[in-house]
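Content type compact mmCIF, C-alpha atoms, from the file entry08.txt:
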```
# COMPACT_ATOMS: atom_id res chain seq x y z
CA MET A 1 -15.43 -13.24 13.36
CA ALA A 2 -15.23 -11.74 9.87
CA VAL A 3 -11.78 -10.34 10.62
CA ALA A 4 -10.48 -13.76 11.71
CA VAL A 5 -11.90 -15.51 8.64
CA ASN A 6 -10.51 -12.93 6.23
CA ALA A 7 -7.13 -13.01 7.96
CA ARG A 8 -6.98 -16.79 7.61
CA LYS A 9 -7.86 -16.68 3.91
CA PHE A 10 -5.30 -13.98 3.23
CA SER A 11 -2.62 -15.81 5.24
CA THR A 12 -3.21 -19.02 3.29
CA HIS A 13 -3.16 -17.29 -0.09
CA PHE A 14 0.11 -15.43 0.52
CA ASN A 15 1.74 -17.96 2.87
CA PHE A 16 1.98 -15.47 5.74
CA SER A 17 2.17 -16.29 9.42
CA ASN A 18 -0.71 -15.17 11.62
CA THR A 19 -0.40 -11.40 12.10
CA PRO A 20 -3.87 -10.34 13.28
CA SER A 21 -3.00 -6.68 13.90
CA PHE A 22 -2.21 -6.22 10.21
CA PHE A 23 -5.40 -7.87 9.09
CA ILE A 24 -7.45 -5.74 11.47
CA MET A 25 -5.90 -2.70 9.80
CA SER A 26 -6.81 -4.14 6.40
CA GLU A 27 -10.40 -4.68 7.53
CA ALA A 28 -10.52 -1.10 8.82
CA LEU A 29 -9.36 0.13 5.42
CA GLY A 30 -12.03 -2.03 3.76
CA ILE A 31 -14.71 -0.40 5.88
CA LYS A 32 -13.34 2.99 4.87
CA ASP A 33 -13.03 2.14 1.17
CA LYS A 34 -13.45 -1.36 -0.26
CA TYR A 35 -11.69 -0.53 -3.53
CA THR A 36 -8.52 0.56 -1.73
CA GLN A 37 -8.45 -2.60 0.36
CA ILE A 38 -8.85 -4.91 -2.66
CA HIS A 39 -6.40 -2.77 -4.66
CA GLY A 40 -3.84 -3.49 -1.93
CA GLN A 41 -4.44 -7.23 -2.29
CA ARG A 42 -3.89 -7.09 -6.04
CA VAL A 43 -0.78 -4.94 -5.63
CA ALA A 44 0.53 -7.50 -3.13
CA PHE A 45 -0.16 -10.24 -5.67
CA TYR A 46 1.66 -8.38 -8.46
CA ALA A 47 4.55 -7.28 -6.24
CA LYS A 48 5.11 -10.84 -5.04
CA ARG A 49 5.18 -12.11 -8.62
CA LEU A 50 7.62 -9.41 -9.71
CA ALA A 51 9.89 -10.10 -6.73
CA LYS A 52 9.93 -13.80 -7.61
CA HIS A 53 10.57 -12.99 -11.28
CA LEU A 54 13.63 -11.00 -10.14
CA SER A 55 14.83 -14.09 -8.23
CA LEU A 56 14.57 -12.42 -4.84
CA LYS A 57 14.33 -14.86 -1.96
CA GLY A 58 12.44 -15.76 1.19
CA ASP A 59 11.83 -12.98 3.65
CA HIS A 60 12.55 -10.30 1.04
CA ILE A 61 9.65 -11.52 -1.12
CA ARG A 62 7.37 -11.77 1.90
CA GLN A 63 8.20 -8.24 3.04
CA ILE A 64 7.68 -6.77 -0.43
CA THR A 65 4.34 -8.59 -0.62
CA MET A 66 3.31 -7.17 2.75
CA GLY A 67 4.46 -3.73 1.61
CA GLY A 68 2.20 -4.05 -1.42
CA MET A 69 -0.72 -5.15 0.71
CA PHE A 70 -0.42 -2.20 3.09
CA HIS A 71 1.01 0.46 0.77
CA ASP A 72 -2.17 2.55 1.04
CA ILE A 73 -3.00 1.82 4.69
CA GLY A 74 -2.46 5.50 5.51
CA LYS A 75 -5.60 6.28 3.50
CA ILE A 76 -7.59 5.31 6.58
CA ALA A 77 -6.70 8.86 7.68
CA VAL A 78 -7.77 10.45 4.35
CA SER A 79 -11.18 12.15 4.28
CA ASP A 80 -14.05 10.55 2.36
CA GLN A 81 -14.27 13.70 0.26
CA THR A 82 -10.69 13.22 -0.94
CA LEU A 83 -10.83 9.44 -1.24
CA HIS A 84 -13.96 9.48 -3.41
CA ASN A 85 -13.14 12.63 -5.35
CA GLN A 86 -14.20 12.24 -9.01
CA SER A 87 -12.15 15.11 -10.36
CA LYS A 88 -8.50 14.95 -11.44
CA VAL A 89 -8.05 18.41 -9.90
CA LEU A 90 -7.60 18.40 -6.11
CA SER A 91 -7.82 21.29 -3.70
CA GLU A 92 -4.70 22.16 -1.67
CA GLU A 93 -6.21 20.45 1.36
CA MET A 94 -7.01 17.29 -0.61
CA LEU A 95 -3.55 17.28 -2.17
CA TRP A 96 -1.97 17.55 1.29
CA GLU A 97 -3.95 14.51 2.43
CA VAL A 98 -2.96 12.47 -0.61
CA ARG A 99 0.72 13.36 -0.32
CA HIS A 100 0.86 12.43 3.36
CA HIS A 101 -0.82 9.01 3.30
CA PRO A 102 2.52 7.18 2.76
CA SER A 103 4.04 8.88 5.81
CA ILE A 104 0.98 8.13 7.96
CA GLY A 105 0.93 4.48 6.90
CA ALA A 106 4.65 4.00 7.55
CA PHE A 107 4.33 5.69 10.95
CA TRP A 108 1.59 3.26 12.01
CA LEU A 109 3.54 0.24 10.78
CA ARG A 110 6.68 1.34 12.61
CA ARG A 111 4.64 1.65 15.79
CA MET A 112 3.79 -2.03 15.22
CA ASN A 113 7.52 -2.85 14.95
CA CYS A 114 7.28 -3.63 11.24
CA VAL A 115 10.56 -4.45 9.48
CA ASP A 116 12.23 -1.82 7.30
CA ASP A 117 11.42 -3.36 3.91
CA ILE A 118 7.68 -3.25 4.62
CA CYS A 119 7.80 0.29 6.02
CA ASN A 120 9.99 1.48 3.14
CA ALA A 121 7.60 0.06 0.55
CA VAL A 122 4.75 1.98 2.20
CA LEU A 123 6.67 5.20 2.80
CA TYR A 124 8.34 5.49 -0.61
CA HIS A 125 5.93 3.85 -3.08
CA HIS A 126 5.02 7.24 -4.59
CA GLU A 127 8.64 8.37 -5.01
CA ARG A 128 9.77 8.56 -8.64
CA LEU A 129 13.18 8.13 -10.28
CA ASP A 130 13.24 11.71 -11.58
CA GLY A 131 12.44 13.21 -8.17
CA SER A 132 8.86 14.16 -9.09
CA GLY A 133 7.28 11.89 -6.48
CA TYR A 134 6.31 12.34 -2.85
CA PRO A 135 6.56 12.68 0.12
CA PHE A 136 10.32 13.41 -0.11
CA GLY A 137 11.17 13.81 -3.79
CA LEU A 138 13.80 11.07 -3.71
CA LYS A 139 15.66 10.23 -6.91
CA GLY A 140 17.08 7.10 -8.50
CA SER A 141 18.79 4.58 -6.26
CA ALA A 142 17.80 6.55 -3.15
CA ILE A 143 14.40 4.86 -3.52
CA PRO A 144 14.50 1.38 -1.89
CA LEU A 145 13.98 -1.60 -4.20
CA SER A 146 10.94 -2.75 -2.21
CA ALA A 147 9.24 0.58 -2.91
CA GLN A 148 10.21 0.54 -6.59
CA ILE A 149 8.68 -2.91 -7.03
CA VAL A 150 5.47 -1.90 -5.27
CA SER A 151 5.36 1.28 -7.39
CA VAL A 152 5.29 -0.69 -10.64
CA ALA A 153 2.60 -3.04 -9.30
CA ASP A 154 0.60 -0.08 -7.96
CA CYS A 155 0.71 1.83 -11.24
CA PHE A 156 -0.35 -1.19 -13.27
CA ASP A 157 -3.30 -2.02 -11.04
CA ALA A 158 -4.40 1.62 -10.91
CA ILE A 159 -4.40 1.79 -14.71
CA THR A 160 -6.25 -1.51 -15.23
CA THR A 161 -9.06 -0.91 -12.72
CA ASP A 162 -11.88 1.61 -12.61
CA ARG A 163 -11.15 4.71 -10.54
CA PRO A 164 -13.62 7.43 -9.50
CA TYR A 165 -12.05 9.87 -11.98
CA ARG A 166 -11.50 7.54 -14.98
CA PRO A 167 -12.38 4.09 -16.36
CA ARG A 168 -9.94 1.20 -16.54
CA LYS A 169 -7.62 0.71 -19.49
CA SER A 170 -6.70 -2.52 -21.27
CA GLN A 171 -3.62 -4.56 -20.47
CA LYS A 172 -2.05 -3.37 -23.73
CA ARG A 173 -2.66 0.29 -22.89
CA ALA A 174 -1.34 -0.29 -19.38
CA PHE A 175 1.88 -1.78 -20.79
CA GLU A 176 2.23 1.25 -23.04
CA ALA A 177 1.77 3.57 -20.08
CA LEU A 178 4.39 1.71 -18.04
CA GLU A 179 6.83 1.80 -20.95
CA GLU A 180 6.33 5.58 -21.20
CA MET A 181 7.23 5.86 -17.51
CA ALA A 182 10.25 3.58 -17.79
CA ASP A 183 13.58 5.29 -17.05
CA LYS A 184 11.69 8.48 -16.20
CA THR A 185 9.59 7.76 -13.16
CA LEU A 186 9.83 3.94 -12.91
CA ALA A 187 12.90 1.71 -13.23
CA ALA A 188 13.11 0.40 -16.81
CA ASP A 189 14.39 -3.03 -15.77
CA LEU A 190 11.50 -3.48 -13.35
CA VAL A 191 8.97 -2.41 -15.98
CA THR A 192 10.41 -4.88 -18.50
CA ALA A 193 10.44 -7.70 -15.95
CA PHE A 194 6.88 -6.91 -14.86
CA ILE A 195 5.52 -6.87 -18.41
CA ARG A 196 7.18 -10.21 -19.12
CA GLU A 197 5.68 -11.69 -15.95
CA ILE A 198 2.16 -10.50 -16.82
CA GLU A 199 2.48 -11.68 -20.43
CA LYS A 200 3.49 -15.12 -19.17
CA ASN A 201 1.12 -15.56 -16.22
CA GLY A 202 -1.73 -13.09 -16.72
CA MET A 203 -3.45 -10.44 -14.65
CA ALA A 204 -5.00 -10.72 -11.21
CA HIS A 205 -8.77 -11.23 -11.43
CA PHE A 206 -9.85 -11.66 -7.82
CA ALA A 207 -12.21 -8.88 -6.80
CA GLU A 208 -12.66 -9.98 -3.21
CA GLN A 209 -10.41 -11.23 -0.47
CA PRO A 210 -8.66 -14.43 -1.55
```
Could I get this structure in the form of structure tokens?
Amino acid sequence: MAVAVNARKFSTHFNFSNTPSFFIMSEALGIKDKYTQIHGQRVAFYAKRLAKHLSLKGDHIRQITMGGMFHDIGKIAVSDQTLHNQSKVLSEEMLWEVRHHPSIGAFWLRRMNCVDDICNAVLYHHERLDGSGYPFGLKGSAIPLSAQIVSVADCFDAITTDRPYRPRKSQKRAFEALEEMADKTLAADLVTAFIREIEKNGMAHFAEQP
């Protein structure tokens, strides 16, 4: 029953059709790690707002929002030791797990016949403009727009929330961090648009499922 209720609330908040398989996956992630589940909801919220700010339309916005929601779904397969690690230094085994969660998540979504924009957002959200990202080291325009939008939203939420290895930073410090990444690892135009959107409409404050 909890899955159905949460799915309905999420669907209403983001104006999604009923897709119970996705919400079951979200609930499974929440059982594994509540922070990661709620982080996905905030990233979806930010990604949707950025997509709208960029004047994207209809299905494209919906797919980017879904990509934000499920960008870390592959972490269901990550060990608890890695997921709750409090050190910035990871062992080779932990690093392998972290670097493969986008591929695992995209594989699962493709098995569910997910559209490309959603899968691409999940698969490529840790790719970086300068080629320093993972899992493929893509550069520049080779990274799909859906993934680039989710990347900006993901970075901002990661910076402004408490993580096991460091405390949250202020909105101002987060903006500074994004600006430092602009044109290096994140697209400068997306960073600028995102900062303007947050300055105008504020941060996400929901800590539980909407």
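For the residues A:Leu123, A:Ile195, A:Leu29, A:Ala177, ranking by smallest atom-to-atom distance to A:Ala77 using all atoms listed in the file places A:Leu29 first.
Residues lying within 12 Å of A:Gly133, counting all atoms listed in the file and ignoring same-chain neighbours fewer than 6 positions away, are A:Val98, A:Arg99, A:His100, A:Pro102, A:Leu123, A:Tyr124, A:His125, A:His126, A:Glu127, A:Lys139, A:Gly140, A:Ile143, A:Gln148, A:Ser151, A:Lys184, A:Thr185, A:Leu186.
Shortest separation to A:Met94 among A:Ile61, A:Met203, A:Val78, A:Ile73 occurs at residue A:Val78, atoms counted being all atoms listed in the file.
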Check: Smallest atom-to-atom distance to A:Ile64: which of A:Asp162, A:Asp189, A:Asp116, A:Asp183, using all atoms listed in the file?
Finding: A:Asp116
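Using only C-alpha atoms for every distance, the candidate list A:Gly74, A:Pro135, A:Gly67, A:Pro144 yields A:Gly67 as the residue closest to A:Cys114.
Between A:Ala142 and the candidates A:Thr161, A:Gln37, A:Gln86, A:Asn120, the tightest atom-to-atom separation, counting all atoms listed in the file, involves A:Asn120.
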Next item on the list: Compile the contact shell of A:Leu50 as number ranges by chain: residues with an atom at most 10 Å away, counting only C-alpha atoms, same-chain residues fewer than 2 positions apart removed.
Entry: A: 44-48, 52-56, 61, 64-65, 149-150, 152-153, 190-191, 193-198
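Taking atom CA of A:Thr192 as the reference point, atom CA of A:Arg42 is found at 19.1 Å.
In this model, the gap between atom CA of A:Pro164 and atom CA of A:Asn85 comes to 6.7 Å.
You can rank A:Leu145, A:Arg49, A:Gln81, A:Phe22 by their closest distance to A:Asn113 using all atoms listed in the file, and at the top of that list sits A:Phe22.
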Next item on the list: Find the distance between atom CA of A:Lys200 and atom CA of A:Asp130 and write it in Å to one decimal.
Entry: 29.5 Å
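Within the 10 Å cut-off around A:Met181, using all atoms listed in the file and omitting residues fewer than 5 positions from it on the same chain, the listed residues are Arg128, Leu129, Val152, Cys155, Phe175, Glu176, Leu186, Ala187, Ala188 and Val191 of chain A.
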Notebook entry, point to check: Neighbours of A:Ser79 within 9 Å (all atoms listed in the file; same-chain residues fewer than 4 positions away dropped), as number ranges by chain?
Noted result: A: 75, 83-84, 94, 97
Take the structure in the block and write a file for stretch 166-206 of chain A, N, CA and C atoms, as a JSON list (two decimals), in the first residue's frame.
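Final output, saved to selection26.json:
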```json
[["chain", "number", "residue", "atom", "x", "y", "z"],
["A", 166, "ARG", "N", 30.88, 14.96, 4.17],
["A", 166, "ARG", "CA", 31.02, 16.40, 4.38],
["A", 166, "ARG", "C", 29.65, 17.05, 4.61],
["A", 167, "PRO", "N", 29.64, 18.17, 5.36],
["A", 167, "PRO", "CA", 28.38, 18.87, 5.62],
["A", 167, "PRO", "C", 27.95, 19.70, 4.41],
["A", 168, "ARG", "N", 26.69, 20.10, 4.41],
["A", 168, "ARG", "CA", 26.16, 20.91, 3.32],
["A", 168, "ARG", "C", 26.82, 22.28, 3.27],
["A", 169, "LYS", "N", 26.76, 22.91, 2.11],
["A", 169, "LYS", "CA", 27.24, 24.28, 1.94],
["A", 169, "LYS", "C", 26.06, 25.18, 1.62],
["A", 170, "SER", "N", 26.25, 26.48, 1.81],
["A", 170, "SER", "CA", 25.19, 27.45, 1.57],
["A", 170, "SER", "C", 24.89, 27.58, 0.09],
["A", 171, "GLN", "N", 23.76, 28.19, -0.21],
["A", 171, "GLN", "CA", 23.41, 28.44, -1.61],
["A", 171, "GLN", "C", 24.50, 29.27, -2.30],
["A", 172, "LYS", "N", 24.99, 30.29, -1.61],
["A", 172, "LYS", "CA", 26.03, 31.14, -2.19],
["A", 172, "LYS", "C", 27.28, 30.33, -2.52],
["A", 173, "ARG", "N", 27.72, 29.48, -1.59],
["A", 173, "ARG", "CA", 28.91, 28.66, -1.83],
["A", 173, "ARG", "C", 28.66, 27.66, -2.96],
["A", 174, "ALA", "N", 27.43, 27.16, -3.03],
["A", 174, "ALA", "CA", 27.09, 26.23, -4.11],
["A", 174, "ALA", "C", 27.16, 26.93, -5.47],
["A", 175, "PHE", "N", 26.65, 28.16, -5.54],
["A", 175, "PHE", "CA", 26.74, 28.92, -6.78],
["A", 175, "PHE", "C", 28.20, 29.12, -7.18],
["A", 176, "GLU", "N", 29.03, 29.44, -6.20],
["A", 176, "GLU", "CA", 30.45, 29.63, -6.47],
["A", 176, "GLU", "C", 31.09, 28.36, -7.01],
["A", 177, "ALA", "N", 30.71, 27.23, -6.43],
["A", 177, "ALA", "CA", 31.25, 25.95, -6.88],
["A", 177, "ALA", "C", 30.80, 25.65, -8.31],
["A", 178, "LEU", "N", 29.53, 25.90, -8.61],
["A", 178, "LEU", "CA", 29.04, 25.67, -9.98],
["A", 178, "LEU", "C", 29.76, 26.58, -10.97],
["A", 179, "GLU", "N", 29.97, 27.82, -10.59],
["A", 179, "GLU", "CA", 30.65, 28.77, -11.48],
["A", 179, "GLU", "C", 32.09, 28.34, -11.74],
["A", 180, "GLU", "N", 32.73, 27.74, -10.74],
["A", 180, "GLU", "CA", 34.09, 27.22, -10.93],
["A", 180, "GLU", "C", 34.11, 26.05, -11.91],
["A", 181, "MET", "N", 33.02, 25.28, -11.93],
["A", 181, "MET", "CA", 32.92, 24.14, -12.84],
["A", 181, "MET", "C", 32.48, 24.52, -14.25],
["A", 182, "ALA", "N", 31.90, 25.71, -14.38],
["A", 182, "ALA", "CA", 31.37, 26.15, -15.66],
["A", 182, "ALA", "C", 32.45, 26.21, -16.73],
["A", 183, "ASP", "N", 32.13, 25.67, -17.89],
["A", 183, "ASP", "CA", 33.02, 25.63, -19.05],
["A", 183, "ASP", "C", 34.21, 24.69, -18.87],
["A", 184, "LYS", "N", 34.26, 24.02, -17.72],
["A", 184, "LYS", "CA", 35.30, 23.01, -17.49],
["A", 184, "LYS", "C", 34.65, 21.64, -17.45],
["A", 185, "THR", "N", 33.79, 21.46, -16.47],
["A", 185, "THR", "CA", 33.11, 20.17, -16.35],
["A", 185, "THR", "C", 31.61, 20.27, -16.62],
["A", 186, "LEU", "N", 31.02, 21.44, -16.39],
["A", 186, "LEU", "CA", 29.60, 21.67, -16.65],
["A", 186, "LEU", "C", 29.45, 22.77, -17.70],
["A", 187, "ALA", "N", 28.37, 22.70, -18.47],
["A", 187, "ALA", "CA", 28.11, 23.71, -19.50],
["A", 187, "ALA", "C", 27.83, 25.07, -18.87],
["A", 188, "ALA", "N", 28.57, 26.10, -19.29],
["A", 188, "ALA", "CA", 28.46, 27.42, -18.68],
["A", 188, "ALA", "C", 27.06, 28.00, -18.84],
["A", 189, "ASP", "N", 26.43, 27.79, -20.01],
["A", 189, "ASP", "CA", 25.09, 28.35, -20.22],
["A", 189, "ASP", "C", 24.06, 27.71, -19.31],
["A", 190, "LEU", "N", 24.23, 26.41, -19.04],
["A", 190, "LEU", "CA", 23.32, 25.72, -18.14],
["A", 190, "LEU", "C", 23.52, 26.17, -16.69],
["A", 191, "VAL", "N", 24.76, 26.38, -16.31],
["A", 191, "VAL", "CA", 25.06, 26.87, -14.96],
["A", 191, "VAL", "C", 24.44, 28.25, -14.75],
["A", 192, "THR", "N", 24.63, 29.14, -15.73],
["A", 192, "THR", "CA", 24.07, 30.49, -15.62],
["A", 192, "THR", "C", 22.55, 30.45, -15.53],
["A", 193, "ALA", "N", 21.93, 29.64, -16.39],
["A", 193, "ALA", "CA", 20.47, 29.53, -16.38],
["A", 193, "ALA", "C", 19.97, 28.95, -15.06],
["A", 194, "PHE", "N", 20.69, 27.95, -14.54],
["A", 194, "PHE", "CA", 20.28, 27.33, -13.29],
["A", 194, "PHE", "C", 20.37, 28.31, -12.12],
["A", 195, "ILE", "N", 21.45, 29.05, -12.04],
["A", 195, "ILE", "CA", 21.62, 30.02, -10.97],
["A", 195, "ILE", "C", 20.51, 31.08, -11.02],
["A", 196, "ARG", "N", 20.19, 31.53, -12.22],
["A", 196, "ARG", "CA", 19.12, 32.52, -12.36],
["A", 196, "ARG", "C", 17.78, 31.94, -11.90],
["A", 197, "GLU", "N", 17.53, 30.69, -12.23],
["A", 197, "GLU", "CA", 16.28, 30.04, -11.83],
["A", 197, "GLU", "C", 16.19, 29.92, -10.32],
["A", 198, "ILE", "N", 17.28, 29.52, -9.66],
["A", 198, "ILE", "CA", 17.27, 29.37, -8.21],
["A", 198, "ILE", "C", 17.16, 30.73, -7.52],
["A", 199, "GLU", "N", 17.85, 31.72, -8.05],
["A", 199, "GLU", "CA", 17.76, 33.08, -7.48],
["A", 199, "GLU", "C", 16.32, 33.59, -7.56],
["A", 200, "LYS", "N", 15.63, 33.26, -8.63],
["A", 200, "LYS", "CA", 14.26, 33.75, -8.81],
["A", 200, "LYS", "C", 13.25, 32.96, -7.99],
["A", 201, "ASN", "N", 13.38, 31.63, -7.95],
["A", 201, "ASN", "CA", 12.33, 30.78, -7.39],
["A", 201, "ASN", "C", 12.73, 29.97, -6.17],
["A", 202, "GLY", "N", 14.00, 30.05, -5.75],
["A", 202, "GLY", "CA", 14.41, 29.41, -4.51],
["A", 202, "GLY", "C", 14.79, 27.95, -4.63],
["A", 203, "MET", "N", 15.27, 27.42, -3.53],
["A", 203, "MET", "CA", 15.71, 26.03, -3.46],
["A", 203, "MET", "C", 14.56, 25.09, -3.10],
["A", 204, "ALA", "N", 14.79, 23.81, -3.36],
["A", 204, "ALA", "CA", 13.83, 22.78, -2.95],
["A", 204, "ALA", "C", 14.02, 22.53, -1.46],
["A", 205, "HIS", "N", 12.91, 22.44, -0.73],
["A", 205, "HIS", "CA", 12.99, 22.23, 0.72],
["A", 205, "HIS", "C", 12.31, 20.94, 1.17],
["A", 206, "PHE", "N", 11.63, 20.24, 0.26],
["A", 206, "PHE", "CA", 10.95, 19.03, 0.72],
["A", 206, "PHE", "C", 11.99, 17.97, 1.07]]
```
